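Have a look at start.cif below; it lists mmCIF, C-alpha atoms.
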data_protein
loop_
_atom_site.group_PDB
_atom_site.id
_atom_site.type_symbol
_atom_site.label_atom_id
_atom_site.label_comp_id
_atom_site.auth_asym_id
_atom_site.auth_seq_id
_atom_site.Cartn_x
_atom_site.Cartn_y
_atom_site.Cartn_z
ATOM 1 C CA MET A 1 85.186 -122.885 -56.031
ATOM 2 C CA ASN A 2 88.747 -121.591 -56.017
ATOM 3 C CA PHE A 3 91.209 -122.154 -58.859
ATOM 4 C CA ASP A 4 94.897 -122.557 -58.084
ATOM 5 C CA PRO A 5 96.479 -121.585 -60.353
ATOM 6 C CA PRO A 6 93.832 -119.137 -61.596
ATOM 7 C CA LEU A 7 92.182 -119.825 -64.926
ATOM 8 C CA MET A 8 94.146 -118.705 -67.979
ATOM 9 C CA ALA A 9 92.722 -116.143 -70.389
ATOM 10 C CA VAL A 10 92.878 -117.415 -73.993
ATOM 11 C CA THR A 11 91.109 -116.978 -77.324
ATOM 12 C CA LEU A 12 88.590 -119.629 -78.354
ATOM 13 C CA LEU A 13 88.997 -120.480 -82.022
ATOM 14 C CA ARG A 14 86.474 -123.291 -82.497
ATOM 15 C CA ARG A 15 84.656 -126.169 -80.832
ATOM 16 C CA TYR A 16 84.377 -129.458 -82.700
ATOM 17 C CA LYS A 17 83.764 -133.184 -82.262
ATOM 18 C CA ARG A 18 81.593 -132.142 -79.323
ATOM 19 C CA PHE A 19 84.270 -132.511 -76.669
ATOM 20 C CA LEU A 20 87.208 -130.643 -78.202
ATOM 21 C CA ALA A 21 88.080 -126.982 -78.676
ATOM 22 C CA ASP A 22 91.043 -125.165 -80.152
ATOM 23 C CA VAL A 23 92.331 -122.090 -78.313
ATOM 24 C CA ARG A 24 95.149 -119.604 -78.756
ATOM 25 C CA LEU A 25 97.371 -118.965 -75.747
ATOM 26 C CA PRO A 26 98.527 -115.423 -74.870
ATOM 27 C CA GLY A 27 101.899 -116.112 -76.514
ATOM 28 C CA GLY A 28 100.276 -117.136 -79.798
ATOM 29 C CA GLU A 29 100.563 -120.923 -79.501
ATOM 30 C CA GLU A 30 97.432 -122.863 -80.471
ATOM 31 C CA ILE A 31 96.442 -125.947 -78.469
ATOM 32 C CA THR A 32 93.501 -128.347 -78.229
ATOM 33 C CA VAL A 33 91.613 -128.493 -74.923
ATOM 34 C CA HIS A 34 88.893 -130.712 -73.475
ATOM 35 C CA CYS A 35 85.355 -129.298 -73.681
ATOM 36 C CA PRO A 36 83.197 -131.222 -71.150
ATOM 37 C CA ASN A 37 79.739 -130.178 -72.317
ATOM 38 C CA THR A 38 77.192 -132.527 -73.914
ATOM 39 C CA GLY A 39 74.837 -129.746 -75.015
ATOM 40 C CA SER A 40 74.797 -127.717 -78.195
ATOM 41 C CA MET A 41 76.386 -124.701 -76.433
ATOM 42 C CA LYS A 42 74.034 -122.554 -78.522
ATOM 43 C CA TYR A 43 75.063 -118.889 -78.325
ATOM 44 C CA CYS A 44 78.021 -119.864 -76.144
ATOM 45 C CA VAL A 45 80.164 -120.623 -79.170
ATOM 46 C CA LEU A 46 79.569 -118.050 -81.903
ATOM 47 C CA PRO A 47 80.341 -119.578 -85.338
ATOM 48 C CA GLY A 48 83.070 -117.856 -87.276
ATOM 49 C CA GLU A 49 84.101 -115.612 -84.396
ATOM 50 C CA GLU A 50 87.078 -115.650 -82.094
ATOM 51 C CA GLN A 51 86.012 -115.306 -78.456
ATOM 52 C CA ALA A 52 87.703 -114.617 -75.159
ATOM 53 C CA ALA A 53 87.738 -117.720 -72.986
ATOM 54 C CA LEU A 54 89.100 -119.161 -69.746
ATOM 55 C CA ILE A 55 90.803 -122.541 -69.434
ATOM 56 C CA SER A 56 92.086 -124.558 -66.493
ATOM 57 C CA ASP A 57 95.367 -126.473 -66.370
ATOM 58 C CA SER A 58 95.271 -129.920 -64.783
ATOM 59 C CA GLY A 59 99.065 -129.981 -64.599
ATOM 60 C CA ASN A 60 98.857 -133.594 -65.753
ATOM 61 C CA ASP A 61 100.982 -134.225 -68.835
ATOM 62 C CA LYS A 62 99.678 -137.789 -68.989
ATOM 63 C CA ARG A 63 96.232 -136.527 -69.989
ATOM 64 C CA LYS A 64 95.689 -136.433 -73.727
ATOM 65 C CA TYR A 65 94.302 -132.911 -73.341
ATOM 66 C CA ARG A 66 95.865 -131.318 -70.284
ATOM 67 C CA HIS A 67 93.684 -128.198 -70.326
ATOM 68 C CA THR A 68 89.904 -127.762 -69.994
ATOM 69 C CA LEU A 69 87.586 -125.097 -71.372
ATOM 70 C CA GLU A 70 85.811 -123.472 -68.402
ATOM 71 C CA ALA A 71 84.077 -120.304 -69.616
ATOM 72 C CA VAL A 72 83.600 -118.198 -72.738
ATOM 73 C CA ARG A 73 82.716 -114.568 -73.376
ATOM 74 C CA VAL A 74 79.325 -114.521 -75.101
ATOM 75 C CA ALA A 75 76.969 -111.966 -76.641
ATOM 76 C CA HIS A 76 76.527 -108.569 -74.976
ATOM 77 C CA GLY A 77 79.828 -108.933 -73.105
ATOM 78 C CA HIS A 78 78.625 -111.583 -70.668
ATOM 79 C CA TRP A 79 80.392 -114.775 -69.595
ATOM 80 C CA ALA A 80 79.018 -118.325 -69.646
ATOM 81 C CA GLY A 81 80.424 -121.289 -67.736
ATOM 82 C CA VAL A 82 80.529 -124.287 -70.068
ATOM 83 C CA ASN A 83 82.237 -126.998 -68.009
ATOM 84 C CA THR A 84 79.215 -128.989 -66.854
ATOM 85 C CA GLY A 85 81.529 -131.105 -64.718
ATOM 86 C CA ARG A 86 81.758 -128.175 -62.291
ATOM 87 C CA THR A 87 78.022 -127.646 -61.843
ATOM 88 C CA ASN A 88 77.155 -130.142 -59.110
ATOM 89 C CA ALA A 89 80.253 -129.204 -57.125
ATOM 90 C CA LEU A 90 79.330 -125.509 -57.263
ATOM 91 C CA VAL A 91 75.876 -126.205 -55.862
ATOM 92 C CA ALA A 92 77.113 -128.702 -53.266
ATOM 93 C CA GLU A 93 79.718 -126.213 -52.056
ATOM 94 C CA ALA A 94 77.089 -123.478 -51.647
ATOM 95 C CA LEU A 95 74.757 -125.904 -49.841
ATOM 96 C CA ARG A 96 77.419 -127.037 -47.369
ATOM 97 C CA ALA A 97 78.304 -123.398 -46.658
ATOM 98 C CA GLY A 98 74.653 -122.681 -45.832
ATOM 99 C CA ARG A 99 74.406 -119.968 -48.483
ATOM 100 C CA LEU A 100 71.167 -121.170 -50.135
ATOM 101 C CA PRO A 101 68.173 -120.125 -48.012
ATOM 102 C CA GLY A 102 65.470 -122.769 -47.733
ATOM 103 C CA LEU A 103 67.902 -125.623 -48.341
ATOM 104 C CA ASP A 104 69.198 -126.616 -44.924
ATOM 105 C CA PRO A 105 72.432 -128.672 -45.030
ATOM 106 C CA THR A 106 72.395 -129.535 -41.308
ATOM 107 C CA GLY A 107 71.612 -133.223 -41.889
ATOM 108 C CA GLY A 108 74.289 -133.555 -44.548
ATOM 109 C CA VAL A 109 74.729 -133.044 -48.304
ATOM 110 C CA GLU A 110 75.105 -136.232 -50.324
ATOM 111 C CA ARG A 111 75.967 -136.627 -54.016
ATOM 112 C CA GLU A 112 74.600 -139.194 -56.495
ATOM 113 C CA VAL A 113 71.714 -140.503 -54.383
ATOM 114 C CA THR A 114 69.218 -143.049 -55.693
ATOM 115 C CA PHE A 115 65.445 -142.976 -55.396
ATOM 116 C CA GLY A 116 63.755 -146.039 -56.836
ATOM 117 C CA ASP A 117 65.189 -146.457 -60.326
ATOM 118 C CA SER A 118 66.410 -142.858 -60.469
ATOM 119 C CA ARG A 119 69.602 -141.184 -59.346
ATOM 120 C CA PHE A 120 69.707 -137.535 -58.350
ATOM 121 C CA ASP A 121 72.696 -135.217 -58.296
ATOM 122 C CA LEU A 122 72.328 -134.180 -54.655
ATOM 123 C CA ALA A 123 70.278 -134.923 -51.569
ATOM 124 C CA LEU A 124 69.882 -133.334 -48.148
ATOM 125 C CA GLY A 125 69.933 -135.611 -45.116
ATOM 126 C CA GLU A 126 71.672 -138.896 -44.528
ATOM 127 C CA ARG A 127 72.221 -141.104 -47.562
ATOM 128 C CA ALA A 128 70.108 -143.860 -46.009
ATOM 129 C CA ALA A 129 67.224 -141.474 -45.291
ATOM 130 C CA PRO A 130 67.374 -138.293 -47.390
ATOM 131 C CA HIS A 131 64.527 -135.825 -47.024
ATOM 132 C CA THR A 132 65.179 -133.624 -50.085
ATOM 133 C CA TYR A 133 66.241 -134.771 -53.557
ATOM 134 C CA ILE A 134 67.889 -132.204 -55.840
ATOM 135 C CA GLU A 135 68.486 -132.413 -59.577
ATOM 136 C CA VAL A 136 70.940 -129.793 -60.888
ATOM 137 C CA LYS A 137 71.026 -128.303 -64.392
ATOM 138 C CA ASN A 138 73.702 -126.087 -65.936
ATOM 139 C CA VAL A 139 71.844 -123.199 -67.597
ATOM 140 C CA THR A 140 73.612 -121.111 -70.270
ATOM 141 C CA LEU A 141 71.208 -120.404 -73.167
ATOM 142 C CA GLY A 142 71.115 -116.618 -73.315
ATOM 143 C CA PRO A 143 70.325 -114.193 -76.122
ATOM 144 C CA GLY A 144 72.180 -114.373 -79.391
ATOM 145 C CA PRO A 145 74.284 -111.503 -80.701
ATOM 146 C CA ASP A 146 71.356 -110.133 -82.733
ATOM 147 C CA ASP A 147 68.810 -110.430 -79.906
ATOM 148 C CA PRO A 148 68.093 -107.855 -77.180
ATOM 149 C CA ASP A 149 69.810 -108.465 -73.862
ATOM 150 C CA HIS A 150 66.648 -109.526 -72.033
ATOM 151 C CA GLY A 151 68.440 -111.252 -69.149
ATOM 152 C CA VAL A 152 66.382 -114.481 -69.290
ATOM 153 C CA ILE A 153 68.708 -117.487 -69.444
ATOM 154 C CA ARG A 154 67.067 -120.742 -70.466
ATOM 155 C CA PHE A 155 67.401 -124.530 -70.317
ATOM 156 C CA PRO A 156 67.954 -126.727 -72.276
ATOM 157 C CA ASP A 157 70.087 -125.684 -75.248
ATOM 158 C CA SER A 158 69.175 -128.894 -77.141
ATOM 159 C CA VAL A 159 66.482 -131.556 -76.825
ATOM 160 C CA THR A 160 67.116 -133.517 -73.632
ATOM 161 C CA GLU A 161 65.321 -136.814 -73.135
ATOM 162 C CA ARG A 162 67.443 -137.324 -70.030
ATOM 163 C CA GLY A 163 66.228 -134.018 -68.615
ATOM 164 C CA GLN A 164 62.632 -134.970 -69.362
ATOM 165 C CA LYS A 165 63.071 -138.222 -67.424
ATOM 166 C CA HIS A 166 64.529 -136.291 -64.500
ATOM 167 C CA LEU A 167 61.362 -134.195 -64.291
ATOM 168 C CA LEU A 168 59.212 -137.322 -64.269
ATOM 169 C CA SER A 169 61.399 -138.765 -61.501
ATOM 170 C CA LEU A 170 61.134 -135.579 -59.443
ATOM 171 C CA MET A 171 57.348 -135.868 -59.665
ATOM 172 C CA ASP A 172 57.649 -139.456 -58.400
ATOM 173 C CA VAL A 173 59.528 -138.127 -55.374
ATOM 174 C CA VAL A 174 56.706 -135.701 -54.585
ATOM 175 C CA ARG A 175 54.085 -138.420 -54.995
ATOM 176 C CA ALA A 176 56.028 -140.473 -52.458
ATOM 177 C CA GLY A 177 55.702 -137.649 -49.943
ATOM 178 C CA GLN A 178 59.273 -136.393 -50.210
ATOM 179 C CA ARG A 179 60.650 -133.005 -51.189
ATOM 180 C CA ALA A 180 61.964 -132.565 -54.743
ATOM 181 C CA VAL A 181 63.955 -129.600 -56.065
ATOM 182 C CA LEU A 182 65.075 -128.762 -59.589
ATOM 183 C CA PHE A 183 68.055 -126.437 -59.236
ATOM 184 C CA PHE A 184 69.022 -124.233 -62.168
ATOM 185 C CA CYS A 185 72.708 -123.384 -61.762
ATOM 186 C CA VAL A 186 72.762 -120.404 -64.116
ATOM 187 C CA GLN A 187 76.321 -120.034 -65.347
ATOM 188 C CA HIS A 188 75.673 -116.829 -67.280
ATOM 189 C CA SER A 189 76.728 -113.459 -65.909
ATOM 190 C CA GLY A 190 73.834 -111.677 -67.650
ATOM 191 C CA ALA A 191 71.130 -113.653 -65.844
ATOM 192 C CA ARG A 192 68.257 -111.689 -64.341
ATOM 193 C CA ALA A 193 65.834 -114.640 -64.592
ATOM 194 C CA ALA A 194 65.802 -118.273 -65.698
ATOM 195 C CA GLY A 195 63.222 -120.389 -67.475
ATOM 196 C CA PRO A 196 62.497 -123.225 -69.885
ATOM 197 C CA ALA A 197 63.605 -123.043 -73.531
ATOM 198 C CA ASP A 198 60.240 -124.048 -75.025
ATOM 199 C CA HIS A 199 61.482 -123.199 -78.524
ATOM 200 C CA VAL A 200 64.278 -125.769 -78.132
ATOM 201 C CA ASP A 201 62.499 -128.595 -76.277
ATOM 202 C CA ALA A 202 58.748 -128.074 -76.031
ATOM 203 C CA ARG A 203 58.178 -131.335 -74.111
ATOM 204 C CA TYR A 204 60.680 -130.310 -71.468
ATOM 205 C CA GLY A 205 58.812 -127.041 -71.028
ATOM 206 C CA ARG A 206 55.474 -128.836 -70.644
ATOM 207 C CA LEU A 207 56.898 -131.321 -68.142
ATOM 208 C CA LEU A 208 58.523 -128.523 -66.143
ATOM 209 C CA ARG A 209 55.172 -126.797 -65.734
ATOM 210 C CA GLU A 210 53.510 -130.107 -64.797
ATOM 211 C CA ALA A 211 56.246 -130.755 -62.249
ATOM 212 C CA MET A 212 55.810 -127.344 -60.638
ATOM 213 C CA GLU A 213 52.063 -127.876 -60.431
ATOM 214 C CA ALA A 214 52.715 -131.272 -58.833
ATOM 215 C CA GLY A 215 54.847 -129.694 -56.113
ATOM 216 C CA VAL A 216 58.408 -129.856 -57.465
ATOM 217 C CA GLU A 217 60.273 -126.751 -56.344
ATOM 218 C CA VAL A 218 62.361 -124.892 -58.924
ATOM 219 C CA ARG A 219 65.210 -122.676 -57.767
ATOM 220 C CA ALA A 220 67.658 -120.660 -59.864
ATOM 221 C CA TRP A 221 70.944 -119.082 -58.822
ATOM 222 C CA ARG A 222 73.387 -117.060 -60.922
ATOM 223 C CA THR A 223 77.095 -117.881 -60.881
ATOM 224 C CA ARG A 224 79.784 -115.240 -60.463
ATOM 225 C CA MET A 225 82.778 -116.147 -62.602
ATOM 226 C CA ALA A 226 86.332 -114.857 -62.219
ATOM 227 C CA PRO A 227 89.708 -116.424 -63.045
ATOM 228 C CA ALA A 228 90.391 -117.217 -59.388
ATOM 229 C CA CYS A 229 86.918 -118.287 -58.261
ATOM 230 C CA PHE A 230 83.439 -119.383 -59.384
ATOM 231 C CA GLU A 231 80.575 -119.163 -56.884
ATOM 232 C CA LEU A 232 76.799 -118.866 -56.697
ATOM 233 C CA ASP A 233 76.185 -115.225 -55.839
ATOM 234 C CA ALA A 234 72.485 -114.386 -56.264
ATOM 235 C CA GLU A 235 69.123 -116.087 -56.609
ATOM 236 C CA VAL A 236 67.154 -115.096 -59.714
ATOM 237 C CA PRO A 237 63.428 -115.595 -60.398
ATOM 238 C CA VAL A 238 62.073 -118.431 -62.528
ATOM 239 C CA THR A 239 59.840 -117.260 -65.365
ATOM 240 C CA LEU A 240 57.480 -119.478 -67.346
ATOM 241 C CA ALA A 241 56.824 -116.831 -69.977
ATOM 242 C CA PRO A 242 57.647 -118.226 -73.439
ATOM 243 C CA PRO A 243 60.829 -117.030 -75.132
ATOM 244 C CA GLU A 244 58.968 -114.879 -77.664
ATOM 245 C CA THR A 245 57.902 -112.567 -74.821
ATOM 246 C CA ASP A 246 61.521 -111.851 -73.870
ATOM 247 C CA ILE A 247 62.041 -108.120 -73.990
ATOM 248 C CA GLU A 248 64.230 -105.700 -72.079
ATOM 249 C CA GLY A 249 63.674 -107.260 -68.671
ATOM 250 C CA HIS A 250 61.141 -110.081 -68.638
ATOM 251 C CA ARG A 251 57.529 -110.934 -67.996
ATOM 252 C CA GLY A 252 56.603 -113.931 -65.935
#
Hey, can you dump this file as structure tokens for me?
Amino acid sequence: MNFDPPLMAVTLLRRYKRFLADVRLPGGEEITVHCPNTGSMKYCVLPGEEQAALISDSGNDKRKYRHTLEAVRVAHGHWAGVNTGRTNALVAEALRAGRLPGLDPTGGVEREVTFGDSRFDLALGERAAPHTYIEVKNVTLGPGPDDPDHGVIRFPDSVTERGQKHLLSLMDVVRAGQRAVLFFCVQHSGARAAGPADHVDARYGRLLREAMEAGVEVRAWRTRMAPACFELDAEVPVTLAPPETDIEGHRG
């Protein structure tokens, strides 16, 4: 995913009202930008601290907030991508380029495909007859500033009833004889593994394990982030070890 013009380096001052953030431009001017993230952004926004950040410029003066918060510098010097509106496009782009082994795009890559009463982010195959349904999650919950840099990045960062329903729907896909994939798009440069945040949403963690036992595949890829380009650059393992076992490295 290329950015033209490249993302602008700014200082994040605060996030508030869920979808707004104040930033300071390089010249000292302070502006309000759009923050398209419905989660808590736990450990992405550090209370009381100014953080380096990247914003995009829509170039559209008719928008109430012309700029968008894209990434922030988090604990241990890592970066986290916080614009969840980019996530599906990142994965779709990598799929179409054939860069995700085991996920063959030959039959086509479709977005927003229904299965029964559910709608999934992506599907492989023709829209009328997809053979693989993919639900994508933006994963950013890393260690806090006082925690060791264990490299395990987790989902979700707040209780997600919607995410729980997605897991149930993915299991329905498997029961119907189709292939179902939960794809963790890990937008955290410190990722060495990904897993469920049981301490945040215990039911999600239980359902994830049930889904894997039922045959839902779980894949996780780390995102490389730079002002000119974001892209999936490496697959990382999925660990089911609970967060309290996170140490230097991980067990799982």
- [ ] Compile the contact shell of Ala52 (chain A) as a ChimeraX atom specification: residues with an atom at most 9 Å away, counting all atoms listed in the file, same-chain residues fewer than 4 positions apart removed.
- [x] /A:9-12,71-74
- [ ] Could you tell me which residues the PyMOL selection byres ((chain A and resi 124-129) around 12) grabs in this file, written as a PyMOL selection string?
- [x] chain A and resi 92+95-96+98+102-115+120-123+130-135+178-181
Open item on the list: Using all atoms listed in the file and a cutoff of 7 Å, can you tell me which residues are near (78.0, -114.0, -56.1) in the file's coordinates, and write them out as a PyMOL selection string?
Closed with: chain A and resi 223-224+231-234
Open item on the list: With distances taken over all atoms listed in the file, which residue among A:Tyr204, A:Phe230, A:Tyr16, A:Phe3 lies nearest Ala80 (chain A)?
Closed with: A:Phe230
TODO: List the neighbours of Leu141 (chain A) out to 10 Å using all atoms listed in the file; skip same-chain residues closer than 4 positions along the sequence, and give me the result as a PyMOL selection string.
DONE: chain A and resi 40-44+80+152-158+186-188+191+194-197
Selection file, C-alpha atoms, as a PDB file, in the coordinates of the input:
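Output saved as again-v3.pdb:
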ATOM      1  CA  SER A  40      74.797-127.717 -78.195  1.00  0.00           C
ATOM      2  CA  MET A  41      76.386-124.701 -76.433  1.00  0.00           C
ATOM      3  CA  LYS A  42      74.034-122.554 -78.522  1.00  0.00           C
ATOM      4  CA  TYR A  43      75.063-118.889 -78.325  1.00  0.00           C
ATOM      5  CA  CYS A  44      78.021-119.864 -76.144  1.00  0.00           C
ATOM      6  CA  ALA A  80      79.018-118.325 -69.646  1.00  0.00           C
ATOM      7  CA  VAL A 152      66.382-114.481 -69.290  1.00  0.00           C
ATOM      8  CA  ILE A 153      68.708-117.487 -69.444  1.00  0.00           C
ATOM      9  CA  ARG A 154      67.067-120.742 -70.466  1.00  0.00           C
ATOM     10  CA  PHE A 155      67.401-124.530 -70.317  1.00  0.00           C
ATOM     11  CA  PRO A 156      67.954-126.727 -72.276  1.00  0.00           C
ATOM     12  CA  ASP A 157      70.087-125.684 -75.248  1.00  0.00           C
ATOM     13  CA  SER A 158      69.175-128.894 -77.141  1.00  0.00           C
ATOM     14  CA  VAL A 186      72.762-120.404 -64.116  1.00  0.00           C
ATOM     15  CA  GLN A 187      76.321-120.034 -65.347  1.00  0.00           C
ATOM     16  CA  HIS A 188      75.673-116.829 -67.280  1.00  0.00           C
ATOM     17  CA  ALA A 191      71.130-113.653 -65.844  1.00  0.00           C
ATOM     18  CA  ALA A 194      65.802-118.273 -65.698  1.00  0.00           C
ATOM     19  CA  GLY A 195      63.222-120.389 -67.475  1.00  0.00           C
ATOM     20  CA  PRO A 196      62.497-123.225 -69.885  1.00  0.00           C
ATOM     21  CA  ALA A 197      63.605-123.043 -73.531  1.00  0.00           C
TER      22      ALA A 197
END
Open item on the list: Using all atoms listed in the file, which protein or nucleic acid residues come within 6 Å of Thr68 (chain A)? Drop anything in the same chain fewer than 3 positions from it, and give the result as a PyMOL selection string.
Closed with: chain A and resi 33-34+55-56
Task: Using all atoms listed in the file: which of A:Asp198, A:Glu70, A:Glu29, A:Asp172 has the shortest distance to Pro227 (chain A) - done: A:Glu70
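Reported to one decimal place, the separation of CA of Trp221 (chain A) from CA of Ala21 (chain A) is 27.4 Å.
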Open item on the list: Considering all atoms listed in the file, can you say which of A:Asp57, A:Asp201, A:Asp117, A:Glu244 comes closest to His150 (chain A)?
Closed with: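 Nearest candidate to His150 (chain A) out of A:Asp57, A:Asp201, A:Asp117, A:Glu244: A:Glu244.
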- [ ] Just say which residues the PyMOL selection byres ((chain A and resi 166) around 10) picks in this file, as a PyMOL selection string.
- [x] chain A and resi 118-120+135-136+160-165+167-172+182+204+207-208
Task: For CA of Trp79 (chain A) and CA of Gly190 (chain A), the interatomic separation in Å (one decimal) - done: 7.5 Å
Open item on the list: Using Å and a single decimal, report how far CA of Leu46 (chain A) sits from CA of Gly151 (chain A).
Closed with: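 Between CA of Gly151 (chain A) and CA of Leu46 (chain A) the gap works out to 18.2 Å.
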Task: Distance query Pro237 (chain A) at most 8 Å, only C-alpha atoms, self and fewer than 2 positions along chain excluded, as a list of chain:residue names - done: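 Answer for this query is A:Arg192, A:Ala193, A:Ala194, A:Arg219, A:Ala220, A:Glu235, A:Thr239.
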